Amino acid sequence: MMTGAEYIESLRSLKTEVWFMGQRIENVVDHPAIRPHINAAAVTYDLATMPETADLGSAVSHLTGRKINRWTHIPQNQDDLVKKVKMLRVAGQITGTCFQRCVGMDALITLYSVTYDIDQKYGTAYHERFKKFLIETQDRDLMSDGAMTDPKGDRSKRPSEQHDPDLFVRVIGRRDDGIVIRGAKMHQTGAVNSHQIIVMPGQALGPGDKDYAVACAVPADAPGVVMVFGRQVNDSRKWEGEIDQGNAGYGVVGGEALIIFDDVFVPWDRVFMCGEYEFAGVLVERFTAYHRQNYGACKSGNLDVLIGASMALAEVQGTAKASHVRDKLAEMAHLVETMYSGALACSYECQLLACGCALADPLLANTSKLNTARFYPEVTRLAQDLAGGFIATMVSERELENPRLKHWVRKYYATKPDVPVEERIRLGRLIENMTGATPIVECMHGAGSPQAQKVVVQRLVNWPRRVRLARRIALGGRTPEPPVTEGGESR
Ligand code: SF4
Ligand code: FE
């Protein structure tokens, strides 16, 4: 396993083509727009290698028996899923932001079971091929970007019906030694600081979409892979100073990129689905169950930091003892623990798949993600309410050293004689940046938009059973109670 520092050094040997604001970035590792996100991803390596956290951050590979980073582990049972969630909360508490490595982790877990299922139906050899790839990923402790979201074009049309066939990633050529893929994946968290990209379909596909049914892995710096790093609100603060960033160490959300696949060659030993369109739907369902499992955990960890900042600022500003402040802090904690309960619940209520790996309960995982998308903005609203308007109007950090202004800035931003002004400003900037537009949009649409979760809830809830439960009671118990397993769905 690598330490965080070793992971950061390992990125230096990659030749990934990354563009930002019109220019190619030659040194991705030290670029101010990207480095904070790299530091956040490095925490996933430190958690596995630091003795205090190794129980959560590492696991034993079920394939090799060797100790591996849990971000490359295939959950074998309930305990593994629970530890995954606990690990994410801790990582969220340390970074206060997205640490990016979970999308690749969930891509590995999902492909492990889906390749098994494809082989069962078609007698293909995807699963053995995938296991070799997985062992290499585990042994080299690689960070993978899980690339699922296509540009999608006109949402009312299937991939094969789009005016431009490249609006979903597709196979454009099959050769003796491999395939060639073309297209793009959007909003790719942590892509620019990953070692490899795992491409998967992003929605259920039909018989006409066979070329779009492709899952494969490519090195991040493979020829033809081009990444364009996206902008965030206030991102220029990253190269203007330190305090105004709020979280200069780890950044705001994950650092997302558009990945373009400009006719990229993939050798067969890295192809894990090629044409089996009827497995795209189940792949997406499982991936989203795993990734939506996470959100109630990583975001709880982030919001623990926000609660702490709100409380610390209240102390600095002399409002900590006010009953309405204590009430709002309790409300924030209540919402956060509700989010976390969902992440734990879907892990405890897991099922074992045919290949032997454990799947988080999809109904609870989707419900948990929906709660997270709803509660996260509410917690940020309470944090802004408690902080006061100064988080939106503060003068820049440069004024703290401006010879003409610094005396007045320090005088008028002071709250108590024993509290350094800079401390109040730093806490305010942390709250400002954690409650800004980018993290709220990320929490809403990351792991799928709220409507995608509602669709799963609509599909999985056993509605007729609920009607029968009500009718039995309303009609005076004249019909027998429906059995708990009715319809194959216990709830
Ligand atoms: Fe991991 Fe959360 Fe970031 Fe997704 S949003 S990659 S689950 S930290
Ligand atoms: Fe995310």
# chains A, B, ... in the order shown; residues from 1 in each chain; ligands from 1
call {"tool": "residues_near_ligand", "arguments": {"ligand": "ligand 1", "cutoff": "10 Å", "atoms": "only C-alpha atoms and all ligand atoms", "output": "ChimeraX atom specification"}}
result
/A:40-41,44,71,85,88-89,91-92,95-106,145-146,188-190,253-255,290-302,439,442-443,445-447
call {"tool": "select_by_dssp", "arguments": {"residues": "segment 66-315 of chain A", "states": "helix (DSSP H, G or I)", "output": "ChimeraX atom specification"}}
result
/A:70-72,78-95,102-122,126-140,159-161,165-167,191-193,207-212,235-239,243-245,268-270,277-315
call {"tool": "closest_residue", "arguments": {"among": "A:Gly428, A:Pro51, A:Pro377, A:Gly173", "to": "Gly246 of chain A", "atoms": "only C-alpha atoms"}}
result
A:Gly428
call {"tool": "atom_distance", "arguments": {"atom1": "atom CA of Ser310 of chain A", "atom2": "atom CA of Gln384 of chain A"}}
result
8.4 Å
call {"tool": "residues_around", "arguments": {"residues": "Thr64 of chain A", "least_positions_apart": "5", "cutoff": "10 Å", "atoms": "only C-alpha atoms", "output": "number ranges by chain"}}
result
A: 135, 138-139
call {"tool": "write_last_selection", "arguments": {"atoms": "C-alpha atoms", "output": "short mmCIF file (atom, residue, chain, number, x, y, z; two decimals), in the first residue's frame"}}
result
data_model
loop_
_atom_site.label_atom_id
_atom_site.label_comp_id
_atom_site.auth_asym_id
_atom_site.auth_seq_id
_atom_site.Cartn_x
_atom_site.Cartn_y
_atom_site.Cartn_z
CA ILE A 135 -5.46 -7.77 -8.22
CA GLN A 138 -5.03 -3.70 -5.32
CA ASP A 139 -1.33 -4.61 -5.33
#
call {"tool": "atom_distance", "arguments": {"atom1": "atom CA of Val252 of chain A", "atom2": "atom CA of Arg231 of chain A"}}
result
11.1 Å
call {"tool": "residues_around", "arguments": {"residues": "His324 of chain A", "least_positions_apart": "6", "cutoff": "12 Å", "atoms": "only C-alpha atoms", "output": "list in words"}}
result
Ala314, Ala330, Glu331, Leu382, Asp385 and Leu386 of chain A
call {"tool": "write_last_selection", "arguments": {"atoms": "C-alpha atoms", "output": "PDB file, in the first residue's frame"}}
result
ATOM      1  CA  ALA A 314     -20.469  31.416  17.725  1.00  0.00           C
ATOM      2  CA  ALA A 330     -28.826  20.628  17.561  1.00  0.00           C
ATOM      3  CA  GLU A 331     -30.994  20.810  14.433  1.00  0.00           C
ATOM      4  CA  LEU A 382     -28.484  26.986   9.272  1.00  0.00           C
ATOM      5  CA  ASP A 385     -27.910  31.844   9.547  1.00  0.00           C
ATOM      6  CA  LEU A 386     -25.654  31.356  12.584  1.00  0.00           C
TER       7      LEU A 386
END
